$ cat structure_9.tsv   # TSV, C-alpha atoms
chain	number	residue	atom	x	y	z
C	204	GLU	CA	17.20	11.46	-1.34
C	205	ALA	CA	16.52	8.48	0.93
C	206	GLY	CA	13.14	6.81	0.66
C	207	VAL	CA	10.95	5.52	3.44
C	208	THR	CA	12.88	3.09	5.60
C	209	GLN	CA	11.60	0.49	8.03
C	210	PHE	CA	13.30	-1.52	10.73
C	211	PRO	CA	13.58	-4.41	11.24
C	212	SER	CA	12.97	-6.07	7.89
C	213	HIS	CA	11.96	-9.29	9.63
C	214	SER	CA	10.96	-10.11	13.18
C	215	VAL	CA	10.11	-13.49	14.64
C	216	ILE	CA	8.70	-13.50	18.15
C	217	GLU	CA	6.68	-15.76	20.38
C	218	LYS	CA	3.10	-15.18	21.34
C	219	GLY	CA	2.91	-12.86	24.32
C	220	GLN	CA	6.13	-11.02	23.57
C	221	THR	CA	6.44	-7.38	22.61
C	222	VAL	CA	7.70	-6.07	19.30
C	223	THR	CA	8.38	-2.52	18.18
C	224	LEU	CA	8.50	-1.61	14.51
C	225	ARG	CA	10.08	1.59	13.32
C	226	CYS	CA	9.42	3.75	10.28
C	227	ASP	CA	11.49	6.67	9.06
C	228	PRO	CA	9.55	8.72	6.50
C	229	ILE	CA	11.02	10.77	3.69
C	230	SER	CA	12.46	13.95	5.12
C	231	GLY	CA	9.91	16.74	5.07
C	232	HIS	CA	6.89	14.44	4.77
C	233	ASP	CA	4.44	15.34	7.49
C	234	ASN	CA	1.97	12.57	6.61
C	235	LEU	CA	2.90	9.11	7.85
C	236	TYR	CA	0.72	6.02	7.42
C	237	TRP	CA	0.86	2.49	8.76
C	238	TYR	CA	-0.68	-0.38	6.81
C	239	ARG	CA	-0.73	-4.13	7.30
C	240	ARG	CA	-1.15	-7.15	5.07
C	241	VAL	CA	-2.03	-10.40	6.77
C	242	MET	CA	-1.58	-13.66	4.85
C	243	GLY	CA	-3.92	-13.98	1.90
C	244	LYS	CA	-5.69	-10.69	2.51
C	245	GLU	CA	-5.50	-7.23	1.05
C	246	ILE	CA	-3.39	-4.51	2.61
C	247	LYS	CA	-5.37	-2.61	5.21
C	248	PHE	CA	-4.98	0.83	6.70
C	249	LEU	CA	-4.01	1.07	10.36
C	250	LEU	CA	-3.49	4.74	11.09
C	251	HIS	CA	-2.38	8.12	9.83
C	252	PHE	CA	-0.21	10.74	11.50
C	253	VAL	CA	0.08	14.37	10.51
C	254	LYS	CA	3.30	15.42	12.14
C	255	GLU	CA	3.02	14.07	15.68
C	256	SER	CA	-0.79	14.01	15.80
C	257	LYS	CA	-2.95	10.99	15.05
C	258	GLN	CA	-5.27	12.10	12.27
C	259	ASP	CA	-7.08	8.80	11.84
C	260	GLU	CA	-6.58	5.62	13.84
C	261	SER	CA	-9.75	3.88	12.73
C	262	GLY	CA	-7.84	0.88	11.37
C	263	MET	CA	-6.01	-0.05	14.57
C	264	PRO	CA	-7.24	-3.55	15.40
C	265	ASN	CA	-7.24	-3.33	19.19
C	266	ASN	CA	-5.50	-1.78	22.18
C	267	ARG	CA	-2.54	-4.15	21.92
C	268	PHE	CA	-1.29	-1.85	19.16
C	269	LEU	CA	0.29	1.49	20.07
C	270	ALA	CA	1.67	3.91	17.52
C	271	GLU	CA	3.70	6.97	18.34
C	272	ARG	CA	5.42	9.71	16.40
C	273	THR	CA	7.16	11.87	18.94
C	274	GLY	CA	8.62	15.01	17.40
C	275	GLY	CA	6.85	14.38	14.12
C	276	THR	CA	9.75	12.52	12.53
C	277	TYR	CA	10.05	8.75	12.79
C	278	SER	CA	7.22	6.58	14.05
C	279	THR	CA	7.06	3.39	16.07
C	280	LEU	CA	4.34	0.75	16.15
C	281	LYS	CA	4.40	-1.43	19.24
C	282	VAL	CA	2.48	-4.67	19.57
C	283	GLN	CA	2.10	-5.80	23.17
C	284	PRO	CA	1.41	-8.62	23.79
C	285	ALA	CA	1.68	-10.11	20.31
C	286	GLU	CA	-0.86	-12.72	19.18
C	287	LEU	CA	-0.66	-15.25	16.36
C	288	GLU	CA	-3.09	-13.26	14.19
C	289	ASP	CA	-0.75	-10.26	14.27
C	290	SER	CA	1.59	-12.02	11.83
C	291	GLY	CA	1.87	-10.23	8.53
C	292	VAL	CA	3.76	-7.52	6.72
C	293	TYR	CA	3.58	-4.03	8.17
C	294	PHE	CA	4.09	-1.22	5.69
C	295	CYS	CA	4.75	2.41	6.36
C	296	ALA	CA	4.17	5.19	3.84
C	297	SER	CA	4.72	8.92	3.86
C	298	SER	CA	3.55	11.89	1.83
C	299	GLN	CA	3.76	15.64	1.83
C	300	VAL	CA	0.94	17.74	3.17
C	301	ARG	CA	-0.69	19.57	0.29
C	302	ALA	CA	-3.86	21.59	0.04
C	303	SER	CA	-5.28	19.23	-2.59
C	304	ARG	CA	-5.47	15.66	-1.37
C	305	SER	CA	-5.48	14.49	-4.97
C	306	TYR	CA	-1.78	15.18	-5.19
C	307	ASN	CA	-0.71	13.50	-1.95
C	308	GLU	CA	1.20	10.62	-3.51
C	309	GLN	CA	2.24	8.14	-0.86
C	310	PHE	CA	5.70	6.58	-0.92
C	311	PHE	CA	6.00	3.17	0.68
C	312	GLY	CA	8.70	1.58	2.77
C	313	PRO	CA	9.91	-1.99	2.19
C	314	GLY	CA	7.80	-3.37	5.01
C	315	THR	CA	8.52	-5.37	8.15
C	316	ARG	CA	7.57	-9.02	8.06
C	317	LEU	CA	6.34	-10.02	11.51
C	318	THR	CA	5.95	-13.66	12.43
C	319	VAL	CA	4.36	-14.55	15.75
C	320	LEU	CA	4.89	-18.19	16.79
P	7	LYS	CA	-17.74	-7.51	-0.95
P	8	ASN	CA	-14.51	-5.51	-1.00
P	9	GLU	CA	-14.73	-1.84	-1.88
P	10	VAL	CA	-11.92	-2.40	-4.38
P	11	GLU	CA	-11.99	-5.43	-6.64
P	12	GLN	CA	-9.23	-6.50	-8.98
P	13	SER	CA	-9.23	-9.00	-11.80
P	14	PRO	CA	-7.75	-11.33	-12.59
P	15	GLN	CA	-6.23	-12.55	-9.32
P	16	ASN	CA	-3.53	-14.45	-11.18
P	17	LEU	CA	-2.22	-13.93	-14.67
P	18	THR	CA	0.43	-15.72	-16.69
P	19	ALA	CA	1.74	-14.46	-20.01
P	20	GLN	CA	4.41	-15.12	-22.57
P	21	GLU	CA	7.07	-12.51	-23.06
P	22	GLY	CA	5.89	-9.88	-25.51
P	23	GLU	CA	2.18	-10.21	-24.77
P	24	PHE	CA	-0.08	-7.25	-24.03
P	25	ILE	CA	-1.44	-7.42	-20.50
P	26	THR	CA	-4.46	-5.79	-18.90
P	27	ILE	CA	-5.30	-5.75	-15.20
P	28	ASN	CA	-8.63	-4.33	-14.11
P	29	CYS	CA	-9.76	-2.54	-10.98
P	30	SER	CA	-13.32	-1.64	-9.99
P	31	TYR	CA	-14.30	0.30	-6.91
P	32	SER	CA	-17.57	1.14	-5.24
P	33	VAL	CA	-16.79	4.34	-3.31
P	34	GLY	CA	-16.29	7.97	-4.28
P	35	ILE	CA	-12.60	8.65	-4.66
P	36	SER	CA	-10.18	11.52	-5.03
P	37	ALA	CA	-7.38	9.41	-6.52
P	38	LEU	CA	-6.46	5.89	-7.58
P	39	HIS	CA	-3.02	4.34	-7.27
P	40	TRP	CA	-1.42	1.47	-9.13
P	41	LEU	CA	1.34	-0.14	-7.09
P	42	GLN	CA	3.87	-2.87	-7.84
P	43	GLN	CA	5.44	-5.35	-5.47
P	44	HIS	CA	8.18	-7.72	-6.63
P	45	PRO	CA	8.65	-10.98	-4.72
P	46	GLY	CA	10.38	-10.16	-1.45
P	47	GLY	CA	10.42	-6.50	-2.34
P	48	GLY	CA	8.76	-3.34	-1.19
P	49	ILE	CA	5.86	-1.51	-2.73
P	50	VAL	CA	6.56	0.89	-5.55
P	51	SER	CA	4.06	3.44	-6.76
P	52	LEU	CA	3.56	3.21	-10.53
P	53	PHE	CA	0.79	5.72	-11.10
P	54	MET	CA	-1.53	8.03	-9.25
P	55	LEU	CA	-4.62	8.98	-11.27
P	56	SER	CA	-7.61	11.18	-10.71
P	57	SER	CA	-8.79	11.26	-14.32
P	58	GLY	CA	-7.90	10.22	-17.85
P	59	LYS	CA	-4.78	8.32	-18.72
P	60	LYS	CA	-1.09	8.21	-17.83
P	61	LYS	CA	1.80	6.51	-19.59
P	62	HIS	CA	5.24	5.62	-18.33
P	63	GLY	CA	7.42	3.53	-20.59
P	64	ARG	CA	5.55	0.32	-21.39
P	65	LEU	CA	2.95	0.94	-18.70
P	66	ILE	CA	-0.34	2.71	-19.31
P	67	ALA	CA	-3.01	3.41	-16.70
P	68	THR	CA	-6.51	4.64	-17.43
P	69	ILE	CA	-9.41	5.58	-15.22
P	70	ASN	CA	-13.11	6.11	-15.90
P	71	ILE	CA	-14.53	8.00	-12.94
P	72	GLN	CA	-18.16	7.64	-14.05
P	73	GLU	CA	-17.85	3.86	-14.35
P	74	LYS	CA	-15.60	3.56	-11.26
P	75	HIS	CA	-13.10	1.50	-13.18
P	76	SER	CA	-9.39	1.61	-13.92
P	77	SER	CA	-7.10	-0.51	-16.04
P	78	LEU	CA	-3.37	-1.06	-16.02
P	79	HIS	CA	-1.86	-2.12	-19.33
P	80	ILE	CA	1.60	-3.49	-19.95
P	81	THR	CA	2.77	-3.52	-23.55
P	82	ALA	CA	5.48	-5.91	-24.76
P	83	SER	CA	5.60	-7.70	-21.40
P	84	HIS	CA	8.92	-8.94	-20.07
P	85	PRO	CA	9.83	-11.46	-17.36
P	86	ARG	CA	11.03	-8.59	-15.17
P	87	ASP	CA	7.41	-7.37	-15.11
P	88	SER	CA	6.56	-10.42	-12.98
P	89	ALA	CA	5.21	-8.99	-9.73
P	90	VAL	CA	2.03	-8.34	-7.79
P	91	TYR	CA	0.13	-5.32	-9.07
P	92	ILE	CA	-2.11	-3.61	-6.56
P	93	CYS	CA	-4.88	-1.12	-7.09
P	94	ALA	CA	-5.61	1.25	-4.21
P	95	VAL	CA	-8.07	4.13	-3.96
P	96	ARG	CA	-8.19	7.18	-1.75
P	97	ARG	CA	-11.76	7.67	-0.63
P	98	TYR	CA	-12.99	11.18	-1.20
P	99	ASN	CA	-12.14	13.52	1.69
P	100	THR	CA	-9.78	11.14	3.47
P	101	ASP	CA	-6.10	10.32	3.13
P	102	LYS	CA	-6.15	6.60	3.83
P	103	LEU	CA	-5.92	4.11	0.98
P	104	ILE	CA	-8.25	1.17	0.39
P	105	PHE	CA	-6.50	-1.68	-1.37
P	106	GLY	CA	-7.49	-4.42	-3.76
P	107	THR	CA	-6.18	-7.92	-3.16
P	108	GLY	CA	-3.64	-7.60	-5.96
P	109	THR	CA	-3.00	-9.39	-9.24
P	110	ARG	CA	-0.08	-11.79	-9.38
P	111	LEU	CA	1.53	-11.58	-12.84
P	112	GLN	CA	4.07	-14.05	-14.15
P	113	VAL	CA	5.68	-13.43	-17.51
P	114	PHE	CA	7.57	-16.37	-18.99
P	115	PRO	CA	10.37	-16.03	-21.56

$ encode --input "structure_9.tsv" --output "structure tokens"
Amino acid sequence: EAGVTQFPSHSVIEKGQTVTLRCDPISGHDNLYWYRRVMGKEIKFLLHFVKESKQDESGMPNNRFLAERTGGTYSTLKVQPAELEDSGVYFCASSQVRASRSYNEQFFGPGTRLTVL
Amino acid sequence: KNEVEQSPQNLTAQEGEFITINCSYSVGISALHWLQQHPGGGIVSLFMLSSGKKKHGRLIATINIQEKHSSLHITASHPRDSAVYICAVRRYNTDKLIFGTGTRLQVFP
């Protein structure tokens, strides 16, 4: 079974441009999470989808970031316009929906390294 | 102060040594994850714990809920164990993970 996949693996853009990151979760996983690690810092939560609905978007840094998950399958994270401080590695993770949260193991994608010049 | 603290930040070892990485957290949790990231690689989940101890090959993870502390042990370390090891907790009643800054481990032959 395929794991979580992310595209692209690397993206280099100039300040002010737009970038769209894509995440394909494991088939059948209704939970989808976006996380980000900026240089030298810990990984931080951005948002959580359950199917196509945003369950928690408390970690989204500002309104330049837009996440969508139309149809409840893959998700996109758009940054528009990109700023220098948006550089980092963006990780996606997915998990099944279970009654007990204790068993919702999250499986991570390889990440997208975004560099804003 | 971070809600999840790891120590040490960096660790070097000779092949064969026993290694311990510690994680302390300050919030109520429903689960704790130990994750591994090799240089240039993705994140791999090693363990998910809510109590007690788990073992997988040369890796052992323990958690003490009362003390809000977990340890990851590697027995008979090998250069291929060189990676960043990350502790992450799921705060009680949420699904999002809170991460430590990671421990960079280098094992030399």

$ atom_distance --input "structure_9.tsv" --atom1 "atom CA of P:Leu103" --atom2 "atom CA of P:Ala19"
29.1 Å

$ closest_residue --input "structure_9.tsv" --among "C:Met263, C:Leu249, C:Val222, C:Leu280" --to "chain P" --atoms "only C-alpha atoms"
C:Leu249

$ closest_residue --input "structure_9.tsv" --among "P:Ser76, P:Thr18, P:Asn70, P:Asn8" --to "chain C" --atoms "all atoms listed in the file"
P:Asn8

$ atom_distance --input "structure_9.tsv" --atom1 "atom CA of C:Gly274" --atom2 "atom CA of C:Gly262"
22.5 Å

$ atom_distance --input "structure_9.tsv" --atom1 "atom CA of C:Lys247" --atom2 "atom CA of C:Thr221"
21.6 Å

$ residues_near_point --input "structure_9.tsv" --point "(3.1, -15.4, -24.9)" --cutoff "10 Å" --atoms "all atoms listed in the file" --output "VMD selection string"
chain P and resid 18 to 24 82 to 84 113 to 115

$ residues_around --input "structure_9.tsv" --residues "C:Arg272" --least-positions-apart "3" --cutoff "12 Å" --atoms "all atoms listed in the file" --output "NGL selection string"
:C and (224-228 or 233-237 or 250-258 or 269 or 275-281)

$ closest_residue --input "structure_9.tsv" --among "C:Glu245, C:Ile229, C:Ala205, C:Gly219" --to "P:Glu11" --atoms "only C-alpha atoms"
C:Glu245

$ closest_atom_pairs --input "structure_9.tsv" --of "chain P" --to "chain C" --cutoff "10 Å" --atoms "only C-alpha atoms" --output "CSV"
residue,atom,partner,partner_atom,distance
P:Asn8,CA,C:Glu245,CA,9.4
P:Val10,CA,C:Glu245,CA,9.7
P:Ile35,CA,C:Ser305,CA,9.2
P:Ser36,CA,C:Ser305,CA,5.6
P:Ala37,CA,C:Ser305,CA,5.6
P:Leu38,CA,C:Ser305,CA,9.0
P:His39,CA,C:Glu308,CA,8.4
P:Leu41,CA,C:Phe311,CA,9.6
P:Gln43,CA,C:Pro313,CA,9.5
P:Gly46,CA,C:Pro313,CA,9.0
P:Gly47,CA,C:Pro313,CA,6.4
P:Gly48,CA,C:Pro313,CA,3.8
P:Ile49,CA,C:Phe311,CA,5.8
P:Val50,CA,C:Phe311,CA,6.7
P:Ser51,CA,C:Phe310,CA,6.8
P:Phe53,CA,C:Glu308,CA,9.0
P:Met54,CA,C:Glu308,CA,6.9
P:Leu55,CA,C:Ser305,CA,8.4
P:Ser56,CA,C:Ser305,CA,7.0
P:Ile92,CA,C:Glu245,CA,9.1
P:Ala94,CA,C:Ile246,CA,9.2
P:Arg96,CA,C:Ser305,CA,8.4
P:Tyr98,CA,C:Arg304,CA,8.8
P:Asn99,CA,C:Arg304,CA,7.6
P:Thr100,CA,C:Arg304,CA,7.9
P:Asp101,CA,C:Arg304,CA,7.0
P:Lys102,CA,C:Phe248,CA,6.5
P:Leu103,CA,C:Phe248,CA,6.7
P:Ile104,CA,C:Lys247,CA,6.8
P:Phe105,CA,C:Ile246,CA,5.8
P:Gly106,CA,C:Glu245,CA,5.9
P:Thr107,CA,C:Glu245,CA,4.3
P:Gly108,CA,C:Glu245,CA,7.3

$ closest_residue --input "structure_9.tsv" --among "P:His44, P:Lys7, P:Arg64, P:Lys74" --to "P:Thr109" --atoms "only C-alpha atoms"
P:His44

$ residues_near_point --input "structure_9.tsv" --point "(6.9, -13.0, 21.7)" --cutoff "8 Å" --atoms "all atoms listed in the file" --output "list in words"
Val215, Ile216, Glu217, Lys218, Gly219, Gln220, Thr221, Val222, Pro284, Ala285, Val319 and Leu320 of chain C
